[in-house]
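Student: Quick one: this structure, given as structure tokens, is what I'll be asking you about.
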Amino acid sequence: PRKPTTSTMKCAITSVAAALLLSGASAFTVPQNAGAPCSSSCSLARSIVDTPRTPSATTRLSPLFMGRAAAVRAATKGKTDAKKAKVNAYYGKKIIMAVKAGGSPDPVANRQLAELIKAAKNNSVPVDNINRAIKRATEKDAGDFSESTFEAYGYGGASLIINVLSDNPNRSTADVKSAINKKNGKVAESGSVLFMYDLRGKIEIPSVVDEEELLMAAIDNDVDDMELVEGDEEGTSIVFTDPKETGAMFEAVKSMGLEEGAKMSLSHVSKAPVECSEEDFEKNMAIIDALEELDDVDSVEHNMSN
């Protein structure tokens, strides 16, 4: 038999490719009669086009797509777990500080400890974690934790506030500065960034909130300062209030039956948010991610609007 020439083979391949495109066949779908013998490239192309496509072939997800979806789910879960761990560690340190400062592990005798326990529970910190922190505070080798704040500049006019709670200030200072410098950020002088922010009470709610209902609940709980905005994730809400009214605002949220999953904290809110380019935003997020990986860093706040 005569061997096919190069031009004949190219023609056959081109015909098959065109047929695949016209038929919408998936690269992961094997035609039912693909194995049937054919005498020419035209008959092979025709057999592929004429092959009926079953519903399973049209709805099947490619292995590549499923791999990416799984990776996204894993990454999201990883970030959620890391955030929960940060919250638990933060309240663990704060409880140790409160026990030492108040001189008693009894929340009845130590008002500051009682308020922290309440806040920890409101932020879904497990009771076992709370009890371990109280017990740890009574041990002789328990560390003396202290709070500190660092300020920095990123790309595209972005500024950062880094909140630290550590039992080793020298270590935390070195780690924070190293993380910023490695990502080509700039450590700012104390006060050069903070003046551009307001300290606000912040309540994160994992659902959409009706503003009128929230306003009425706030009035009933003697809250004068309230601002409702969309959350960072779709279907969530954030309520800002005066720092002194944060507890009362959380009670208002509870009165609406929205306390499950809600979190209460104090946050620095930028007076003049900036919108960075996509490239600068990614670089700034790289700085933030590097900082949040540090055990002594509790949170990083910024002025980016995007």
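Each chain in the structure tokens gets a letter, A, B and so on, in the order shown; residues start at 1 in every chain, and ligands are counted from 1 in the order they appear.
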List the neighbours of Gly261 in chain A out to 8 Å using only C-alpha atoms; skip same-chain residues closer than 5 positions along the sequence, and give me the result as a list of chain:residue names.

Tutor: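 Answer for this query is A:Asn123, A:Ser124, A:Ile205, A:Pro206.
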
Student: Would you list the contacts of Asp210 in chain A as number ranges by chain, taking every protein, DNA or RNA residue within 10 Å and counting only C-alpha atoms, but skipping same-chain residues closer than 4 positions in sequence?

Tutor: A: 214-215, 228, 237

Student: How about saving the chosen residues, N, CA and C atoms kept, as a PDB file, in the first residue's frame?

Tutor:
```pdb
ATOM      1  N   LEU A 214     -31.952  47.366  61.542  1.00  0.00           N
ATOM      2  CA  LEU A 214     -30.745  47.536  62.358  1.00  0.00           C
ATOM      3  C   LEU A 214     -30.762  48.880  63.069  1.00  0.00           C
ATOM      4  N   LEU A 215     -31.227  49.918  62.381  1.00  0.00           N
ATOM      5  CA  LEU A 215     -31.307  51.249  62.984  1.00  0.00           C
ATOM      6  C   LEU A 215     -32.240  51.246  64.191  1.00  0.00           C
ATOM      7  N   LEU A 228     -23.693  51.100  58.337  1.00  0.00           N
ATOM      8  CA  LEU A 228     -23.805  49.763  57.755  1.00  0.00           C
ATOM      9  C   LEU A 228     -23.224  49.765  56.349  1.00  0.00           C
ATOM     10  N   SER A 237     -22.178  41.559  55.871  1.00  0.00           N
ATOM     11  CA  SER A 237     -22.336  42.968  56.216  1.00  0.00           C
ATOM     12  C   SER A 237     -21.357  43.341  57.314  1.00  0.00           C
TER      13      SER A 237
END
```

Student: Pick from A:Gly157, A:Gly103, A:Arg132, A:Asp167: nearest to Val297 in chain A, with only C-alpha atoms counted?

Tutor: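 Checking each of A:Gly157, A:Gly103, A:Arg132, A:Asp167 against Val297 in chain A, counting only C-alpha atoms, the winner is A:Asp167.
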
Student: With distances taken over only C-alpha atoms, which residue among A:Val274, A:Met226, A:Val87, A:Ala217 lies nearest Val253 in chain A?

Tutor: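 Closest to Val253 in chain A, using only C-alpha atoms: A:Ala217.
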
Student: Which residue is closest to Val187 in chain A? Choose from A:His302, A:Glu151, A:Glu115, A:Glu139 and count only C-alpha atoms.

Tutor: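 Ranked by minimum distance to Val187 in chain A, first place goes to A:Glu151.
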
Student: Could you pull out the strand (DSSP E or B) residues of range 141-295 of chain A from DSSP and send them as a PyMOL selection string?

Tutor: chain A and resi 146-153+159-166+186-187+197-205+226-230+237-241+263-270+274
